[in-house]
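Text of data-v3.pdb (PDB, C-alpha atoms) as supplied:
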```pdb
ATOM      1  CA  MET A 116      88.222  99.084 128.774
ATOM      2  CA  PHE A 117      88.113 100.893 125.414
ATOM      3  CA  GLU A 118      85.912 103.673 126.788
ATOM      4  CA  ARG A 119      88.773 104.802 129.018
ATOM      5  CA  PHE A 120      91.016 105.450 126.030
ATOM      6  CA  THR A 121      91.457 109.079 125.063
ATOM      7  CA  HIS A 122      90.439 110.172 121.593
ATOM      8  CA  ASP A 123      94.077 110.069 120.399
ATOM      9  CA  ALA A 124      94.750 106.637 121.859
ATOM     10  CA  ARG A 125      91.570 105.214 120.405
ATOM     11  CA  ALA A 126      92.419 106.663 116.990
ATOM     12  CA  ALA A 127      95.887 105.120 117.201
ATOM     13  CA  VAL A 128      94.420 101.688 117.886
ATOM     14  CA  LEU A 129      92.059 102.044 114.933
ATOM     15  CA  ASN A 130      94.845 103.377 112.730
ATOM     16  CA  ALA A 131      96.928 100.346 113.710
ATOM     17  CA  GLN A 132      94.365  98.225 111.867
ATOM     18  CA  GLU A 133      94.815 100.384 108.783
ATOM     19  CA  GLU A 134      98.592 100.054 109.061
ATOM     20  CA  ALA A 135      98.234  96.276 109.220
ATOM     21  CA  ARG A 136      95.894  96.270 106.244
ATOM     22  CA  ALA A 137      98.233  98.422 104.187
ATOM     23  CA  LEU A 138     101.039  95.958 104.878
ATOM     24  CA  GLY A 139      98.919  93.000 103.859
ATOM     25  CA  HIS A 140      99.054  91.625 107.407
ATOM     26  CA  ASP A 141      95.819  90.064 108.559
ATOM     27  CA  GLU A 142      96.371  90.438 112.275
ATOM     28  CA  VAL A 143      97.058  93.535 114.297
ATOM     29  CA  GLY A 144     100.003  93.286 116.652
ATOM     30  CA  SER A 145     102.040  95.599 118.837
ATOM     31  CA  GLU A 146     104.174  96.493 115.807
ATOM     32  CA  HIS A 147     101.197  98.030 114.031
ATOM     33  CA  VAL A 148     100.245 100.024 117.120
ATOM     34  CA  LEU A 149     103.808 101.313 117.246
ATOM     35  CA  LEU A 150     103.563 102.262 113.602
ATOM     36  CA  ALA A 151     100.316 104.154 114.235
ATOM     37  CA  LEU A 152     101.986 106.000 117.111
ATOM     38  CA  THR A 153     104.748 107.219 114.769
ATOM     39  CA  ASN A 154     102.628 108.188 111.761
ATOM     40  CA  PRO A 155     102.967 111.966 111.268
ATOM     41  CA  GLU A 156      99.801 112.073 109.166
ATOM     42  CA  ASN A 157      97.336 110.776 111.713
ATOM     43  CA  GLY A 158      99.254 109.711 114.821
ATOM     44  CA  PRO A 159      99.171 111.425 118.234
ATOM     45  CA  ARG A 160     101.513 114.409 118.067
ATOM     46  CA  SER A 161     103.216 113.656 121.367
ATOM     47  CA  THR A 162     104.265 110.111 120.510
ATOM     48  CA  VAL A 163     105.104 110.960 116.888
ATOM     49  CA  GLU A 164     107.494 113.644 118.123
ATOM     50  CA  VAL A 165     109.147 111.716 120.920
ATOM     51  CA  LEU A 166     109.689 108.618 118.785
ATOM     52  CA  ALA A 167     111.100 110.620 115.882
ATOM     53  CA  ALA A 168     113.413 112.448 118.299
ATOM     54  CA  GLN A 169     114.654 109.085 119.592
ATOM     55  CA  GLY A 170     115.530 107.924 116.087
ATOM     56  CA  ALA A 171     112.320 106.039 115.319
ATOM     57  CA  PRO A 172     110.418 108.051 112.716
ATOM     58  CA  TYR A 173     107.577 106.404 110.791
ATOM     59  CA  GLY A 174     109.546 105.381 107.694
ATOM     60  CA  ARG A 175     112.313 103.790 109.731
ATOM     61  CA  VAL A 176     109.850 101.870 111.900
ATOM     62  CA  ARG A 177     107.911 100.692 108.866
ATOM     63  CA  ASP A 178     111.011  99.537 106.993
ATOM     64  CA  THR A 179     112.250  97.657 110.047
ATOM     65  CA  LEU A 180     108.830  96.091 110.582
ATOM     66  CA  ILE A 181     108.827  94.797 107.015
ATOM     67  CA  GLU A 182     112.369  93.540 107.479
ATOM     68  CA  LEU A 183     111.488  91.591 110.654
ATOM     69  CA  ALA A 184     107.944  90.493 109.855
ATOM     70  CA  GLY A 185     108.466  89.612 106.219
ATOM     71  CA  SER A 186     107.597  91.412 103.026
ATOM     72  CA  PRO A 187     104.076  92.683 102.731
ATOM     73  CA  ILE A 188     101.879  90.440 100.662
ATOM     74  CA  ARG A 189     100.631  92.340  97.679
ATOM     75  CA  LEU A 190      98.691  89.978  95.527
ATOM     76  CA  LEU A 191      97.660  92.580  93.028
ATOM     77  CA  SER A 192     101.004  94.186  92.356
ATOM     78  CA  ASP A 193     101.826  94.943  88.766
ATOM     79  CA  GLU A 194     104.767  92.566  89.015
ATOM     80  CA  ASP A 195     102.505  89.697  90.048
ATOM     81  CA  ALA A 196     100.195  90.458  87.162
ATOM     82  CA  ALA A 197     103.117  90.528  84.720
ATOM     83  CA  ALA A 198     104.507  87.269  86.089
ATOM     84  CA  LEU A 199     101.114  85.583  85.727
ATOM     85  CA  ALA A 200     100.764  86.944  82.201
ATOM     86  CA  SER A 201     104.071  85.329  81.335
ATOM     87  CA  ILE A 202     102.562  81.883  81.948
ATOM     88  CA  GLY A 203      99.333  82.723  80.199
ATOM     89  CA  ILE A 204      97.152  83.837  83.103
ATOM     90  CA  ASP A 205      95.349  87.145  82.720
ATOM     91  CA  LEU A 206      94.925  88.377  86.294
ATOM     92  CA  ASP A 207      92.367  90.949  85.232
ATOM     93  CA  VAL A 208      90.131  88.227  83.832
ATOM     94  CA  VAL A 209      90.494  86.144  87.006
ATOM     95  CA  LEU A 210      89.667  89.137  89.173
ATOM     96  CA  SER A 211      86.630  90.157  87.164
ATOM     97  CA  ARG A 212      85.208  86.605  87.289
ATOM     98  CA  VAL A 213      85.698  86.433  91.056
ATOM     99  CA  GLU A 214      84.341  89.909  91.620
ATOM    100  CA  GLU A 215      81.219  89.098  89.612
ATOM    101  CA  SER A 216      80.261  86.758  92.442
ATOM    102  CA  PHE A 217      81.955  88.226  95.484
ATOM    103  CA  GLY A 218      82.205  91.935  94.853
ATOM    104  CA  PRO A 219      85.136  94.299  94.378
ATOM    105  CA  GLY A 220      88.338  93.523  96.233
ATOM    106  CA  ALA A 221      87.208  90.000  97.112
ATOM    107  CA  LEU A 222      90.668  88.591  96.445
ATOM    108  CA  GLU A 223      92.561  91.222  98.384
ATOM    109  CA  PRO A 224      94.742  89.484 100.949
ATOM    110  CA  THR A 225      92.997  91.108 103.911
ATOM    111  CA  ALA A 226      89.437  90.885 102.663
ATOM    112  CA  GLY A 227      88.520  89.027 105.841
ATOM    113  CA  ARG A 228      87.966  90.898 109.054
ATOM    114  CA  ILE A 229      91.088  92.106 110.762
ATOM    115  CA  ARG A 230      91.285  90.964 114.347
ATOM    116  CA  PHE A 231      93.548  91.643 117.247
ATOM    117  CA  ALA A 232      96.256  89.050 117.608
ATOM    118  CA  LYS A 233      97.251  88.147 121.125
ATOM    119  CA  PRO A 234     100.157  90.607 121.115
ATOM    120  CA  GLY A 235      97.676  93.325 120.205
ATOM    121  CA  ARG A 236      95.412  92.487 123.111
ATOM    122  CA  VAL A 237      98.417  92.361 125.390
ATOM    123  CA  THR A 238      99.292  95.838 124.145
ATOM    124  CA  LEU A 239      95.920  97.184 125.270
ATOM    125  CA  GLN A 240      96.205  95.481 128.644
ATOM    126  CA  LEU A 241      99.714  96.808 129.173
ATOM    127  CA  ALA A 242      98.495 100.320 128.326
ATOM    128  CA  LEU A 243      95.790  99.965 130.966
ATOM    129  CA  ARG A 244      98.356  98.777 133.474
ATOM    130  CA  GLU A 245     100.626 101.736 132.720
ATOM    131  CA  ALA A 246      97.701 104.113 133.217
ATOM    132  CA  LEU A 247      96.886 102.518 136.581
ATOM    133  CA  ARG A 248     100.527 102.583 137.655
ATOM    134  CA  LEU A 249     100.813 106.257 136.792
ATOM    135  CA  LYS A 250      97.482 106.946 138.490
ATOM    136  CA  SER A 251      95.750 108.193 135.373
ATOM    137  CA  ARG A 252      92.051 107.627 134.884
ATOM    138  CA  ALA A 253      92.312 107.949 131.134
ATOM    139  CA  ILE A 254      94.439 105.704 128.924
ATOM    140  CA  THR A 255      96.430 107.975 126.626
ATOM    141  CA  SER A 256      98.637 107.369 123.611
ATOM    142  CA  GLU A 257     101.637 107.759 125.935
ATOM    143  CA  HIS A 258     100.347 104.846 128.010
ATOM    144  CA  LEU A 259      99.982 102.839 124.821
ATOM    145  CA  LEU A 260     103.617 103.549 124.000
ATOM    146  CA  LEU A 261     104.797 102.723 127.540
ATOM    147  CA  GLY A 262     102.890  99.453 127.293
ATOM    148  CA  LEU A 263     104.664  98.624 124.023
ATOM    149  CA  LEU A 264     108.017  99.295 125.683
ATOM    150  CA  ARG A 265     107.037  97.064 128.618
ATOM    151  CA  ALA A 266     106.448  93.999 126.407
ATOM    152  CA  LYS A 267     110.105  93.115 125.944
ATOM    153  CA  ASP A 268     109.490  90.166 123.627
ATOM    154  CA  GLY A 269     106.886  92.010 121.585
ATOM    155  CA  MET A 270     107.469  92.960 117.966
ATOM    156  CA  ALA A 271     107.270  96.671 118.788
ATOM    157  CA  ALA A 272     110.102  96.398 121.307
ATOM    158  CA  ARG A 273     112.104  94.262 118.884
ATOM    159  CA  ILE A 274     111.732  96.870 116.159
ATOM    160  CA  LEU A 275     112.887  99.680 118.446
ATOM    161  CA  LYS A 276     115.832  97.585 119.600
ATOM    162  CA  GLU A 277     116.735  96.812 115.996
ATOM    163  CA  ILE A 278     116.686 100.520 115.163
ATOM    164  CA  GLY A 279     118.920 101.164 118.151
ATOM    165  CA  VAL A 280     116.513 103.137 120.308
ATOM    166  CA  ASP A 281     117.424 103.384 123.998
ATOM    167  CA  VAL A 282     114.213 101.877 125.343
ATOM    168  CA  ALA A 283     114.858 102.685 129.011
ATOM    169  CA  GLY A 284     115.737 106.258 128.085
ATOM    170  CA  LEU A 285     112.623 106.580 125.955
ATOM    171  CA  ARG A 286     110.457 105.303 128.795
ATOM    172  CA  GLY A 287     111.980 107.905 131.121
ATOM    173  CA  ILE A 288     111.271 110.733 128.686
ATOM    174  CA  VAL A 289     107.669 109.664 128.136
ATOM    175  CA  GLU A 290     106.986 109.246 131.850
ATOM    176  CA  ALA A 291     108.502 112.644 132.564
ATOM    177  CA  SER A 292     106.230 114.216 129.956
ATOM    178  CA  LEU A 293     103.201 112.777 131.753
ATOM    179  CA  ARG A 294     104.005 114.298 135.125
ATOM    180  CA  PRO A 295     101.862 117.343 135.765
ATOM    181  CA  ALA A 296     103.814 120.516 135.246
ATOM    182  CA  ALA A 297     104.866 121.924 138.609
TER     183      ALA A 297
ATOM    184  CA  MET B 199     109.628  94.661  83.486
ATOM    185  CA  THR B 200     106.821  96.433  81.708
ATOM    186  CA  ASP B 201     107.438  94.871  78.326
ATOM    187  CA  PRO B 202     104.952  91.986  78.202
ATOM    188  CA  THR B 203     106.492  90.341  75.182
ATOM    189  CA  GLY B 204     109.929  90.331  76.730
ATOM    190  CA  LEU B 205     108.560  88.946  79.972
ATOM    191  CA  ALA B 206     106.617  86.204  78.296
ATOM    192  CA  ALA B 207     109.681  85.175  76.348
ATOM    193  CA  ALA B 208     111.786  85.146  79.506
ATOM    194  CA  ALA B 209     109.363  83.092  81.590
ATOM    195  CA  SER B 210     108.612  80.505  78.966
ATOM    196  CA  GLY B 211     112.347  80.279  78.509
ATOM    197  CA  THR B 212     114.849  79.087  81.053
ATOM    198  CA  ASP B 213     115.582  82.163  83.149
ATOM    199  CA  PRO B 214     115.011  80.915  86.723
ATOM    200  CA  ARG B 215     114.353  84.400  88.057
ATOM    201  CA  GLU B 216     111.380  84.945  85.772
ATOM    202  CA  GLY B 217     110.094  81.409  86.114
ATOM    203  CA  LEU B 218     110.255  81.468  89.898
ATOM    204  CA  ARG B 219     108.577  84.851  89.952
ATOM    205  CA  ALA B 220     105.688  83.390  87.998
ATOM    206  CA  ALA B 221     105.451  80.487  90.461
ATOM    207  CA  LEU B 222     105.384  82.967  93.356
ATOM    208  CA  ALA B 223     102.620  85.022  91.752
ATOM    209  CA  LEU B 224     100.630  81.880  91.072
ATOM    210  CA  ARG B 225     100.982  80.785  94.706
ATOM    211  CA  ARG B 226      99.757  84.184  95.919
ATOM    212  CA  LEU B 227      96.773  83.961  93.626
ATOM    213  CA  ALA B 228      96.015  80.406  94.766
ATOM    214  CA  GLU B 229      96.263  81.363  98.449
ATOM    215  CA  ALA B 230      93.923  84.299  97.982
ATOM    216  CA  LEU B 231      91.425  82.204  96.065
ATOM    217  CA  GLU B 232      91.553  79.443  98.675
ATOM    218  CA  SER B 233      91.042  81.904 101.501
ATOM    219  CA  LEU B 234      88.063  83.477  99.749
ATOM    220  CA  GLN B 235      86.438  80.155  98.921
ATOM    221  CA  VAL B 236      86.949  78.717 102.397
ATOM    222  CA  ARG B 237      85.188  81.773 103.866
ATOM    223  CA  ASN B 238      82.463  81.311 101.263
ATOM    224  CA  ALA B 239      82.059  77.633 102.139
ATOM    225  CA  ARG B 240      81.933  78.341 105.869
ATOM    226  CA  SER B 241      79.339  81.049 105.384
ATOM    227  CA  GLN B 242      77.235  78.512 103.461
ATOM    228  CA  GLY B 243      77.488  76.104 106.382
ATOM    229  CA  TRP B 244      80.111  73.686 105.101
ATOM    230  CA  SER B 245      81.954  71.718 107.785
ATOM    231  CA  TRP B 246      85.739  71.767 108.019
ATOM    232  CA  GLN B 247      85.657  68.113 107.026
ATOM    233  CA  GLU B 248      83.812  68.897 103.800
ATOM    234  CA  ILE B 249      86.167  71.754 102.975
ATOM    235  CA  ALA B 250      89.209  69.584 103.696
ATOM    236  CA  GLU B 251      87.918  66.885 101.347
ATOM    237  CA  ALA B 252      87.282  69.391  98.574
ATOM    238  CA  LEU B 253      90.798  70.776  98.950
ATOM    239  CA  GLU B 254      92.286  67.283  99.321
ATOM    240  CA  VAL B 255      94.062  68.131 102.556
ATOM    241  CA  SER B 256      93.579  67.015 106.156
ATOM    242  CA  LYS B 257      90.848  68.560 108.270
ATOM    243  CA  GLN B 258      93.500  69.645 110.779
ATOM    244  CA  ALA B 259      95.507  71.430 108.095
ATOM    245  CA  VAL B 260      92.584  73.374 106.690
ATOM    246  CA  HIS B 261      91.275  74.279 110.140
ATOM    247  CA  LYS B 262      94.674  75.456 111.337
ATOM    248  CA  LYS B 263      95.183  77.565 108.243
ATOM    249  CA  HIS B 264      91.759  79.160 107.961
ATOM    250  CA  ALA B 265      89.874  78.917 111.246
ATOM    251  CA  SER B 266      90.962  82.305 112.555
ATOM    252  CA  SER B 267      89.911  84.287 109.502
ATOM    253  CA  SER B 268      86.557  82.691 108.747
ATOM    254  CA  ASP B 269      85.012  82.059 112.135
ATOM    255  CA  ARG B 270      84.831  85.607 113.275
TER     256      ARG B 270
END
```

Rendering of file as structure tokens:
Amino acid sequence: MFERFTHDARAAVLNAQEEARALGHDEVGSEHVLLALTNPENGPRSTVEVLAAQGAPYGRVRDTLIELAGSPIRLLSDEDAAALASIGIDLDVVLSRVEESFGPGALEPTAGRIRFAKPGRVTLQLALREALRLKSRAITSEHLLLGLLRAKDGMAARILKEIGVDVAGLRGIVEASLRPAA
Amino acid sequence: MTDPTGLAAAASGTDPREGLRAALALRRLAEALESLQVRNARSQGWSWQEIAEALEVSKQAVHKKHASSSDR
């Protein structure tokens, strides 16, 4: 199925893994795909623009994600190190001992392989379905977004609802943008 | 926050905020170490039963917590 994704859509799916990693989440879900679709630095221009215009720019989506999904785990924050120092544990010493055996970054929270959680897989399937429904051979970033909107119980939809985005309206705008210009 | 002496004094004292923060940091460190060592054990062929015994928890608990991240 992945070979039918356009370059932009494929990049967004890969970037979603980076978004998850940066948040300290070890599974990629629809919320991270949504985040990738809003990221002005590396996201698809079309979805970045339409989501920002609907009141869901990257920063807002990310803040809401953290609010709903819990604070990002950051083991190695300076505050953690200071707190450990206060009870006599030197985090730097612990890390260097562990890294002697397991290599740099071994204790990072997402050192294991990131995998697609079920919601993430559902996201890809919904994107495929949207592409079929709209009679497109390729699966684009717009189809990814439409798929996210379709999964009403998904984290991505919950985030947009929390922000106050008109989901039905957004779907209409995105679908209209996909129709071939007359 | 950046004054180590002040922090140390606070946490070894009775300020709950500082003491709880230290407990939180310790838990994060323990979780990360456990996750790393479970992956290490699995990659060296340890069974879930052996890992559970080493961690003094049930096999079900350790499998539920770690199976997804170490068996892929």

Subject >> Expected selection from the PyMOL selection byres ((chain A and resi 119-126) around 6), given as a PyMOL selection string >> reply: chain A and resi 116-118+127-130+159+253-256

Original post:
What is the distance between CA of Ala151 (chain A) and CA of Leu234 (chain B), in Å to one decimal?
Top reply: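 These atoms are spaced 28.1 Å apart.
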
Subject >> Given the PyMOL selection byres ((chain A) within 6 of (chain B)), the residues it picks as a ChimeraX atom specification >> reply: /A:190,195,198-199,201,222

**OP:** Please identify all polymer residues within 10 Å of Ala171 (chain A), counting all atoms listed in the file, omitting same-chain residues fewer than 2 positions from it, and present them as a count of residues only.
**Re:** 21

In file coordinates, which residues lie within 12 Å of (88.6, 74.3, 105.2) using all atoms listed in the file, given as a PDB file with C-alpha atoms, keeping the file's coordinate frame?
```pdb
ATOM      1  CA  GLU B 232      91.553  79.443  98.675  1.00  0.00           C
ATOM      2  CA  SER B 233      91.042  81.904 101.501  1.00  0.00           C
ATOM      3  CA  LEU B 234      88.063  83.477  99.749  1.00  0.00           C
ATOM      4  CA  GLN B 235      86.438  80.155  98.921  1.00  0.00           C
ATOM      5  CA  VAL B 236      86.949  78.717 102.397  1.00  0.00           C
ATOM      6  CA  ARG B 237      85.188  81.773 103.866  1.00  0.00           C
ATOM      7  CA  ASN B 238      82.463  81.311 101.263  1.00  0.00           C
ATOM      8  CA  ALA B 239      82.059  77.633 102.139  1.00  0.00           C
ATOM      9  CA  ARG B 240      81.933  78.341 105.869  1.00  0.00           C
ATOM     10  CA  SER B 241      79.339  81.049 105.384  1.00  0.00           C
ATOM     11  CA  GLY B 243      77.488  76.104 106.382  1.00  0.00           C
ATOM     12  CA  TRP B 244      80.111  73.686 105.101  1.00  0.00           C
ATOM     13  CA  SER B 245      81.954  71.718 107.785  1.00  0.00           C
ATOM     14  CA  TRP B 246      85.739  71.767 108.019  1.00  0.00           C
ATOM     15  CA  GLN B 247      85.657  68.113 107.026  1.00  0.00           C
ATOM     16  CA  GLU B 248      83.812  68.897 103.800  1.00  0.00           C
ATOM     17  CA  ILE B 249      86.167  71.754 102.975  1.00  0.00           C
ATOM     18  CA  ALA B 250      89.209  69.584 103.696  1.00  0.00           C
ATOM     19  CA  GLU B 251      87.918  66.885 101.347  1.00  0.00           C
ATOM     20  CA  ALA B 252      87.282  69.391  98.574  1.00  0.00           C
ATOM     21  CA  LEU B 253      90.798  70.776  98.950  1.00  0.00           C
ATOM     22  CA  GLU B 254      92.286  67.283  99.321  1.00  0.00           C
ATOM     23  CA  VAL B 255      94.062  68.131 102.556  1.00  0.00           C
ATOM     24  CA  SER B 256      93.579  67.015 106.156  1.00  0.00           C
ATOM     25  CA  LYS B 257      90.848  68.560 108.270  1.00  0.00           C
ATOM     26  CA  GLN B 258      93.500  69.645 110.779  1.00  0.00           C
ATOM     27  CA  ALA B 259      95.507  71.430 108.095  1.00  0.00           C
ATOM     28  CA  VAL B 260      92.584  73.374 106.690  1.00  0.00           C
ATOM     29  CA  HIS B 261      91.275  74.279 110.140  1.00  0.00           C
ATOM     30  CA  LYS B 262      94.674  75.456 111.337  1.00  0.00           C
ATOM     31  CA  LYS B 263      95.183  77.565 108.243  1.00  0.00           C
ATOM     32  CA  HIS B 264      91.759  79.160 107.961  1.00  0.00           C
ATOM     33  CA  ALA B 265      89.874  78.917 111.246  1.00  0.00           C
ATOM     34  CA  SER B 266      90.962  82.305 112.555  1.00  0.00           C
ATOM     35  CA  SER B 267      89.911  84.287 109.502  1.00  0.00           C
ATOM     36  CA  SER B 268      86.557  82.691 108.747  1.00  0.00           C
ATOM     37  CA  ASP B 269      85.012  82.059 112.135  1.00  0.00           C
TER      38      ASP B 269
END
```

**OP:** Kindly give the distance, in Å, that separates CA of Leu249 (chain A) and CA of Pro155 (chain A), rounded to a single decimal.
**Re:**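 Atom-to-atom, CA of Leu249 (chain A) to CA of Pro155 (chain A), that is 26.2 Å.
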
Subject >> Residue IDs satisfying the PyMOL selection byres ((chain A and resi 271) around 12), as a PyMOL selection string >> reply: chain A and resi 143-153+171+176-177+179-180+183-184+234-235+237-238+259-270+272-278+280+282

Original post:
Could you work out how far CA of Glu133 (chain A) lies from CA of Leu293 (chain A), giving the answer in Å with one decimal?
Top reply: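 Separation of CA of Leu293 (chain A) and CA of Glu133 (chain A): 27.4 Å.
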
Subject >> Counting all atoms listed in the file, the option among A:Ala197, A:Ser161, A:Ala283, A:Glu156 closest to His258 (chain A) >> reply: A:Ser161
